[in-house]
Amino acid sequence: MSLKPMPEMTEISKPFWQGLNEGEIRIQQCNACEGWVFYPRRHCTHCLSHDLEWKPVSGKGTLYSYTLTRIPTLPEFADEMPQALAVVELEQGVRVNTTLVGLEEDEIQVGMALKPVLDQVDAKGNTLLRFTAADKALDSLPYENPLDSLPRNDKGQVQVGVDNPVALQALVSDQFTDWSNSIVVDQELINAFAELSGDNYWIHTDPERAAKDSPFGTTIAHGALVQILQSRLTFALPFEITGFQTMVNYGSDRLRFPSPVPAGSEIQARARVKSVQQSRKGTALTLEVNIHVVGNDRPSVINDLVILYR
Ligand SMILES: [Zn+2]
């Protein structure tokens, strides 16, 4: 993932972006007049019919117009300079705003034959449409994970500098770590927490009454207890942040207790990096920690823990 702004997938444009992610170029054709339509719309630009259908196309076309930018339009594009911003006319007659890749400046000529290049820009498979000369061997630009080139510590964790925003963004993932070790939350532990916190409500501390009156049929652990037991659960994060002066627990963006932990349950945890944001305060890494009763799909604790590095 780069820090470059990405196109927003809308309900109307979704088939186009999904097509690219699946390696196919799709544009809309009108069933009423057979006219081709691009960019994605609800209606035909030739006859105003709403009967449009997504069709796969080769992506072959010609260069309608271009310009070379030598000053980036946004700082995030500085690595692409000079950037060949182009309008490409596909065989179907529609025109696509894009960039040309794999070409020297003096190879670019209006009217030249072009072919598509699928440019994967992040680990999730998001792909953008570029073009190059029809006679070039280039068909795709594979994703280069910025984490691959970084050093690793003796635990095998990739070391990411707090001053490396591109690599920090690459840590953001939908994938959770492997499960941690597990521990048992028994009545003794629950009682000790009730003593410490002053929360000795019967649903936590009175097994006899809980057996009779609780919807769970037994006592349950305090949500706050399960939350702090995270300190006893070790999950293997695949990275180590380096180069900071201080690291502080900045609190939680979200803390939920979606399902109970009955006394005597075994719990385990896993985590993923949900976001990384940089501001004047420092670098805030949000770690989504989920604690589950072993074997239960539904977490007992969801904690979006914010760790501030500066
Ligand atoms: Zn039409």
# chains A, B, ... in the order shown; residues from 1 in each chain; ligands from 1
call {"tool": "residues_around", "arguments": {"residues": "Pro151 of chain A", "least_positions_apart": "4", "cutoff": "12 Å", "atoms": "only C-alpha atoms", "output": "list in words"}}
result
Pro146, Leu147, Lys155, Gly156, Gln157, Val158, Gln159, Val160, Gly161, Ala167, Phe239, Glu240, Ile241 and Thr242 of chain A
call {"tool": "write_last_selection", "arguments": {"atoms": "N, CA and C atoms", "output": "PDB file, in the first residue's frame"}}
result
ATOM      1  N   PRO A 146       6.541  -2.841   0.598  1.00  0.00           N
ATOM      2  CA  PRO A 146       7.665  -2.079   1.170  1.00  0.00           C
ATOM      3  C   PRO A 146       8.285  -2.764   2.390  1.00  0.00           C
ATOM      4  N   LEU A 147       7.566  -3.745   2.989  1.00  0.00           N
ATOM      5  CA  LEU A 147       8.114  -4.449   4.157  1.00  0.00           C
ATOM      6  C   LEU A 147       9.192  -5.461   3.754  1.00  0.00           C
ATOM      7  N   LYS A 155      13.812 -12.233  16.376  1.00  0.00           N
ATOM      8  CA  LYS A 155      12.549 -12.987  16.471  1.00  0.00           C
ATOM      9  C   LYS A 155      11.887 -13.147  15.102  1.00  0.00           C
ATOM     10  N   GLY A 156      12.543 -12.597  14.080  1.00  0.00           N
ATOM     11  CA  GLY A 156      11.970 -12.688  12.734  1.00  0.00           C
ATOM     12  C   GLY A 156      10.964 -11.598  12.424  1.00  0.00           C
ATOM     13  N   GLN A 157      10.821 -10.635  13.342  1.00  0.00           N
ATOM     14  CA  GLN A 157       9.864  -9.544  13.091  1.00  0.00           C
ATOM     15  C   GLN A 157      10.494  -8.503  12.173  1.00  0.00           C
ATOM     16  N   VAL A 158       9.721  -7.999  11.231  1.00  0.00           N
ATOM     17  CA  VAL A 158      10.218  -6.948  10.347  1.00  0.00           C
ATOM     18  C   VAL A 158      10.312  -5.654  11.161  1.00  0.00           C
ATOM     19  N   GLN A 159      11.436  -4.951  11.013  1.00  0.00           N
ATOM     20  CA  GLN A 159      11.662  -3.725  11.790  1.00  0.00           C
ATOM     21  C   GLN A 159      11.247  -2.514  10.974  1.00  0.00           C
ATOM     22  N   VAL A 160      10.231  -1.813  11.473  1.00  0.00           N
ATOM     23  CA  VAL A 160       9.664  -0.679  10.740  1.00  0.00           C
ATOM     24  C   VAL A 160       9.969   0.600  11.509  1.00  0.00           C
ATOM     25  N   GLY A 161      10.695   1.501  10.867  1.00  0.00           N
ATOM     26  CA  GLY A 161      11.022   2.782  11.499  1.00  0.00           C
ATOM     27  C   GLY A 161       9.777   3.644  11.627  1.00  0.00           C
ATOM     28  N   ALA A 167       5.960   2.166   4.878  1.00  0.00           N
ATOM     29  CA  ALA A 167       6.028   0.831   5.499  1.00  0.00           C
ATOM     30  C   ALA A 167       5.016   0.701   6.632  1.00  0.00           C
ATOM     31  N   PHE A 239       5.813  -7.618  13.438  1.00  0.00           N
ATOM     32  CA  PHE A 239       6.654  -6.430  13.213  1.00  0.00           C
ATOM     33  C   PHE A 239       7.134  -5.868  14.554  1.00  0.00           C
ATOM     34  N   GLU A 240       8.172  -5.024  14.455  1.00  0.00           N
ATOM     35  CA  GLU A 240       8.661  -4.268  15.596  1.00  0.00           C
ATOM     36  C   GLU A 240       8.826  -2.822  15.135  1.00  0.00           C
ATOM     37  N   ILE A 241       8.230  -1.886  15.871  1.00  0.00           N
ATOM     38  CA  ILE A 241       8.403  -0.469  15.525  1.00  0.00           C
ATOM     39  C   ILE A 241       9.725   0.002  16.146  1.00  0.00           C
ATOM     40  N   THR A 242      10.519   0.713  15.371  1.00  0.00           N
ATOM     41  CA  THR A 242      11.825   1.183  15.865  1.00  0.00           C
ATOM     42  C   THR A 242      11.946   2.690  15.688  1.00  0.00           C
TER      43      THR A 242
END
call {"tool": "select_by_dssp", "arguments": {"residues": "segment 49-161 of chain A", "states": "strand (DSSP E or B)", "output": "JSON, numbers by chain"}}
result
{"A": [52, 53, 54, 55, 56, 57, 61, 62, 63, 64, 65, 66, 67, 68, 69, 83, 84, 85, 86, 87, 88, 89, 90, 95, 96, 97, 98, 99, 100, 113, 114, 115, 116, 117, 118, 119, 120, 127, 128, 129, 130, 131, 132, 133, 140, 141, 152, 158, 159, 160, 161]}
call {"tool": "write_last_selection", "arguments": {"atoms": "C-alpha atoms", "output": "tab-separated table (two decimals), in the first residue's frame"}}
result
chain	number	residue	atom	x	y	z
A	52	LEU	CA	-26.32	-0.81	-19.63
A	53	GLU	CA	-24.33	-4.02	-19.36
A	54	TRP	CA	-20.73	-4.58	-18.23
A	55	LYS	CA	-18.64	-6.27	-20.96
A	56	PRO	CA	-15.01	-7.46	-20.87
A	57	VAL	CA	-12.79	-5.73	-23.47
A	61	GLY	CA	-6.34	1.47	-27.85
A	62	THR	CA	-4.40	4.46	-29.10
A	63	LEU	CA	-2.91	7.51	-27.44
A	64	TYR	CA	-5.37	10.38	-27.85
A	65	SER	CA	-3.41	12.96	-25.84
A	66	TYR	CA	-0.79	13.22	-23.10
A	67	THR	CA	1.30	15.56	-21.01
A	68	LEU	CA	4.50	15.04	-19.02
A	69	THR	CA	4.34	16.45	-15.51
A	83	GLN	CA	4.63	11.32	-14.93
A	84	ALA	CA	3.02	10.71	-18.35
A	85	LEU	CA	-0.61	11.67	-17.82
A	86	ALA	CA	-2.56	10.37	-20.79
A	87	VAL	CA	-5.95	10.12	-22.40
A	88	VAL	CA	-6.26	6.75	-24.15
A	89	GLU	CA	-8.94	6.00	-26.71
A	90	LEU	CA	-9.99	2.35	-26.53
A	95	ARG	CA	-11.54	7.59	-23.63
A	96	VAL	CA	-9.78	6.73	-20.37
A	97	ASN	CA	-7.69	9.05	-18.18
A	98	THR	CA	-4.59	7.13	-17.14
A	99	THR	CA	-0.80	7.18	-16.96
A	100	LEU	CA	1.70	5.62	-19.37
A	113	ALA	CA	-0.91	1.83	-30.43
A	114	LEU	CA	-1.26	1.03	-26.73
A	115	LYS	CA	-2.11	-1.94	-24.57
A	116	PRO	CA	-3.19	-2.13	-20.93
A	117	VAL	CA	-0.88	-2.73	-17.97
A	118	LEU	CA	-2.49	-3.95	-14.75
A	119	ASP	CA	-0.75	-2.22	-11.84
A	120	GLN	CA	-1.36	-3.88	-8.47
A	127	THR	CA	-5.28	-2.74	-9.23
A	128	LEU	CA	-5.14	0.40	-11.39
A	129	LEU	CA	-5.20	0.60	-15.18
A	130	ARG	CA	-2.05	1.95	-16.89
A	131	PHE	CA	-1.00	1.69	-20.53
A	132	THR	CA	2.18	1.09	-22.49
A	133	ALA	CA	3.18	0.69	-26.16
A	140	SER	CA	1.42	-6.09	-15.40
A	141	LEU	CA	3.23	-4.37	-12.56
A	152	ARG	CA	14.32	-8.30	10.67
A	158	VAL	CA	10.22	-6.95	10.35
A	159	GLN	CA	11.66	-3.72	11.79
A	160	VAL	CA	9.66	-0.68	10.74
A	161	GLY	CA	11.02	2.78	11.50
call {"tool": "residues_near_ligand", "arguments": {"ligand": "ligand 1", "cutoff": "12 Å", "atoms": "only C-alpha atoms and all ligand atoms", "output": "number ranges by chain"}}
result
A: 28-37, 41-53
call {"tool": "select_by_dssp", "arguments": {"residues": "segment 197-239 of chain A", "states": "helix (DSSP H, G or I)", "output": "MDAnalysis selection string"}}
result
chainID A and resid 197 202:205 207:213 223:232
call {"tool": "write_last_selection", "arguments": {"atoms": "N, CA and C atoms", "output": "PDB file, in the first residue's frame"}}
result
ATOM      1  N   SER A 197     -11.494  -4.303  42.516  1.00  0.00           N
ATOM      2  CA  SER A 197     -12.253  -3.234  41.852  1.00  0.00           C
ATOM      3  C   SER A 197     -13.441  -2.759  42.683  1.00  0.00           C
ATOM      4  N   TRP A 202     -23.447  -9.971  42.240  1.00  0.00           N
ATOM      5  CA  TRP A 202     -23.603 -11.427  42.361  1.00  0.00           C
ATOM      6  C   TRP A 202     -23.369 -12.187  41.066  1.00  0.00           C
ATOM      7  N   ILE A 203     -23.629 -11.518  39.924  1.00  0.00           N
ATOM      8  CA  ILE A 203     -23.480 -12.238  38.637  1.00  0.00           C
ATOM      9  C   ILE A 203     -22.020 -12.679  38.427  1.00  0.00           C
ATOM     10  N   HIS A 204     -21.089 -12.002  39.142  1.00  0.00           N
ATOM     11  CA  HIS A 204     -19.669 -12.371  39.071  1.00  0.00           C
ATOM     12  C   HIS A 204     -19.233 -13.271  40.226  1.00  0.00           C
ATOM     13  N   THR A 205     -19.821 -13.047  41.423  1.00  0.00           N
ATOM     14  CA  THR A 205     -19.205 -13.629  42.620  1.00  0.00           C
ATOM     15  C   THR A 205     -20.065 -14.656  43.374  1.00  0.00           C
ATOM     16  N   PRO A 207     -21.831 -18.005  42.809  1.00  0.00           N
ATOM     17  CA  PRO A 207     -22.138 -19.124  41.905  1.00  0.00           C
ATOM     18  C   PRO A 207     -23.515 -19.752  42.172  1.00  0.00           C
ATOM     19  N   GLU A 208     -23.943 -19.804  43.458  1.00  0.00           N
ATOM     20  CA  GLU A 208     -25.248 -20.414  43.765  1.00  0.00           C
ATOM     21  C   GLU A 208     -26.396 -19.630  43.159  1.00  0.00           C
ATOM     22  N   ARG A 209     -26.368 -18.304  43.394  1.00  0.00           N
ATOM     23  CA  ARG A 209     -27.427 -17.460  42.863  1.00  0.00           C
ATOM     24  C   ARG A 209     -27.365 -17.408  41.328  1.00  0.00           C
ATOM     25  N   ALA A 210     -26.132 -17.354  40.805  1.00  0.00           N
ATOM     26  CA  ALA A 210     -25.965 -17.291  39.342  1.00  0.00           C
ATOM     27  C   ALA A 210     -26.552 -18.538  38.676  1.00  0.00           C
ATOM     28  N   ALA A 211     -26.369 -19.696  39.329  1.00  0.00           N
ATOM     29  CA  ALA A 211     -26.915 -20.951  38.778  1.00  0.00           C
ATOM     30  C   ALA A 211     -28.436 -20.860  38.672  1.00  0.00           C
ATOM     31  N   LYS A 212     -29.044 -20.141  39.606  1.00  0.00           N
ATOM     32  CA  LYS A 212     -30.507 -20.009  39.648  1.00  0.00           C
ATOM     33  C   LYS A 212     -31.003 -18.872  38.752  1.00  0.00           C
ATOM     34  N   ASP A 213     -30.390 -17.679  38.913  1.00  0.00           N
ATOM     35  CA  ASP A 213     -30.962 -16.447  38.349  1.00  0.00           C
ATOM     36  C   ASP A 213     -30.261 -15.902  37.108  1.00  0.00           C
ATOM     37  N   GLY A 223     -16.093  -7.810  32.380  1.00  0.00           N
ATOM     38  CA  GLY A 223     -15.516  -7.450  31.082  1.00  0.00           C
ATOM     39  C   GLY A 223     -14.156  -6.798  31.252  1.00  0.00           C
ATOM     40  N   ALA A 224     -14.051  -5.918  32.257  1.00  0.00           N
ATOM     41  CA  ALA A 224     -12.789  -5.206  32.481  1.00  0.00           C
ATOM     42  C   ALA A 224     -11.668  -6.163  32.876  1.00  0.00           C
ATOM     43  N   LEU A 225     -12.038  -7.230  33.614  1.00  0.00           N
ATOM     44  CA  LEU A 225     -11.029  -8.239  33.979  1.00  0.00           C
ATOM     45  C   LEU A 225     -10.482  -8.918  32.726  1.00  0.00           C
ATOM     46  N   VAL A 226     -11.407  -9.357  31.873  1.00  0.00           N
ATOM     47  CA  VAL A 226     -10.974 -10.067  30.658  1.00  0.00           C
ATOM     48  C   VAL A 226     -10.111  -9.138  29.803  1.00  0.00           C
ATOM     49  N   GLN A 227     -10.521  -7.875  29.761  1.00  0.00           N
ATOM     50  CA  GLN A 227      -9.763  -6.892  28.974  1.00  0.00           C
ATOM     51  C   GLN A 227      -8.305  -6.800  29.455  1.00  0.00           C
ATOM     52  N   ILE A 228      -8.111  -6.673  30.788  1.00  0.00           N
ATOM     53  CA  ILE A 228      -6.730  -6.490  31.273  1.00  0.00           C
ATOM     54  C   ILE A 228      -5.928  -7.786  31.263  1.00  0.00           C
ATOM     55  N   LEU A 229      -6.613  -8.926  31.190  1.00  0.00           N
ATOM     56  CA  LEU A 229      -5.882 -10.197  31.104  1.00  0.00           C
ATOM     57  C   LEU A 229      -5.105 -10.305  29.790  1.00  0.00           C
ATOM     58  N   GLN A 230      -5.368  -9.372  28.887  1.00  0.00           N
ATOM     59  CA  GLN A 230      -4.580  -9.299  27.650  1.00  0.00           C
ATOM     60  C   GLN A 230      -3.085  -9.325  27.954  1.00  0.00           C
ATOM     61  N   SER A 231      -2.707  -8.723  29.085  1.00  0.00           N
ATOM     62  CA  SER A 231      -1.279  -8.680  29.450  1.00  0.00           C
ATOM     63  C   SER A 231      -0.695 -10.068  29.658  1.00  0.00           C
ATOM     64  N   ARG A 232      -1.530 -11.060  29.924  1.00  0.00           N
ATOM     65  CA  ARG A 232      -1.028 -12.428  30.120  1.00  0.00           C
ATOM     66  C   ARG A 232      -1.103 -13.255  28.836  1.00  0.00           C
TER      67      ARG A 232
END
call {"tool": "closest_residue", "arguments": {"among": "A:Met247, A:Ala221, A:Leu237, A:Val121", "to": "Ile267 of chain A", "atoms": "only C-alpha atoms"}}
result
A:Ala221
call {"tool": "closest_residue", "arguments": {"among": "A:Ser259, A:Gln278, A:Thr177, A:Asn126", "to": "Met6 of chain A", "atoms": "only C-alpha atoms"}}
result
A:Asn126
call {"tool": "closest_residue", "arguments": {"among": "A:Asp304, A:Asp297, A:Glu104, A:Asp139", "to": "Tyr250 of chain A", "atoms": "only C-alpha atoms"}}
result
A:Asp304
call {"tool": "decode", "arguments": {"residues": "segment 65-91 of chain A", "atoms": "N, CA and C atoms", "output": "short mmCIF file (atom, residue, chain, number, x, y, z; two decimals), in the first residue's frame"}}
result
data_model
loop_
_atom_site.label_atom_id
_atom_site.label_comp_id
_atom_site.auth_asym_id
_atom_site.auth_seq_id
_atom_site.Cartn_x
_atom_site.Cartn_y
_atom_site.Cartn_z
N SER A 65 -4.13 11.76 -26.26
CA SER A 65 -3.41 12.96 -25.84
C SER A 65 -2.59 12.63 -24.60
N TYR A 66 -1.56 13.45 -24.33
CA TYR A 66 -0.79 13.22 -23.10
C TYR A 66 -0.07 14.49 -22.70
N THR A 67 0.41 14.50 -21.47
CA THR A 67 1.30 15.56 -21.01
C THR A 67 2.29 14.96 -20.02
N LEU A 68 3.50 15.50 -19.99
CA LEU A 68 4.50 15.04 -19.02
C LEU A 68 4.53 16.03 -17.87
N THR A 69 4.26 15.56 -16.66
CA THR A 69 4.34 16.45 -15.51
C THR A 69 5.69 16.24 -14.84
N ARG A 70 6.37 17.34 -14.55
CA ARG A 70 7.69 17.26 -13.91
C ARG A 70 7.64 17.74 -12.47
N ILE A 71 6.54 18.39 -12.12
CA ILE A 71 6.32 18.80 -10.73
C ILE A 71 5.11 18.01 -10.25
N PRO A 72 5.24 17.25 -9.15
CA PRO A 72 4.12 16.38 -8.74
C PRO A 72 2.86 17.17 -8.38
N THR A 73 1.72 16.64 -8.78
CA THR A 73 0.44 17.28 -8.44
C THR A 73 0.18 17.17 -6.94
N LEU A 74 0.70 16.10 -6.31
CA LEU A 74 0.65 15.94 -4.86
C LEU A 74 2.02 15.38 -4.46
N PRO A 75 2.49 15.68 -3.22
CA PRO A 75 3.82 15.18 -2.82
C PRO A 75 3.93 13.67 -2.93
N GLU A 76 2.80 12.95 -2.74
CA GLU A 76 2.83 11.48 -2.76
C GLU A 76 3.24 10.93 -4.13
N PHE A 77 3.15 11.76 -5.18
CA PHE A 77 3.47 11.28 -6.53
C PHE A 77 4.90 11.62 -6.95
N ALA A 78 5.69 12.16 -6.01
CA ALA A 78 7.05 12.60 -6.34
C ALA A 78 7.89 11.47 -6.96
N ASP A 79 7.64 10.22 -6.52
CA ASP A 79 8.44 9.10 -7.03
C ASP A 79 8.13 8.75 -8.48
N GLU A 80 7.08 9.33 -9.05
CA GLU A 80 6.69 8.98 -10.43
C GLU A 80 7.18 10.00 -11.46
N MET A 81 7.89 11.04 -11.01
CA MET A 81 8.26 12.09 -11.94
C MET A 81 9.33 11.64 -12.93
N PRO A 82 9.30 12.04 -14.22
CA PRO A 82 8.15 12.71 -14.81
C PRO A 82 7.01 11.72 -15.00
N GLN A 83 5.80 12.19 -14.83
CA GLN A 83 4.63 11.32 -14.93
C GLN A 83 3.95 11.60 -16.27
N ALA A 84 3.67 10.53 -17.04
CA ALA A 84 3.02 10.71 -18.35
C ALA A 84 1.51 10.55 -18.17
N LEU A 85 0.84 11.68 -17.94
CA LEU A 85 -0.61 11.67 -17.82
C LEU A 85 -1.20 11.57 -19.21
N ALA A 86 -2.11 10.64 -19.42
CA ALA A 86 -2.56 10.37 -20.79
C ALA A 86 -4.06 10.19 -20.87
N VAL A 87 -4.59 10.50 -22.06
CA VAL A 87 -5.95 10.12 -22.40
C VAL A 87 -5.83 9.05 -23.49
N VAL A 88 -6.37 7.87 -23.21
CA VAL A 88 -6.26 6.75 -24.15
C VAL A 88 -7.64 6.47 -24.73
N GLU A 89 -7.68 6.35 -26.06
CA GLU A 89 -8.94 6.00 -26.71
C GLU A 89 -8.95 4.49 -26.97
N LEU A 90 -9.89 3.80 -26.33
CA LEU A 90 -9.99 2.35 -26.53
C LEU A 90 -10.60 2.04 -27.89
N GLU A 91 -10.45 0.79 -28.33
CA GLU A 91 -11.02 0.35 -29.62
C GLU A 91 -12.51 0.67 -29.72
#
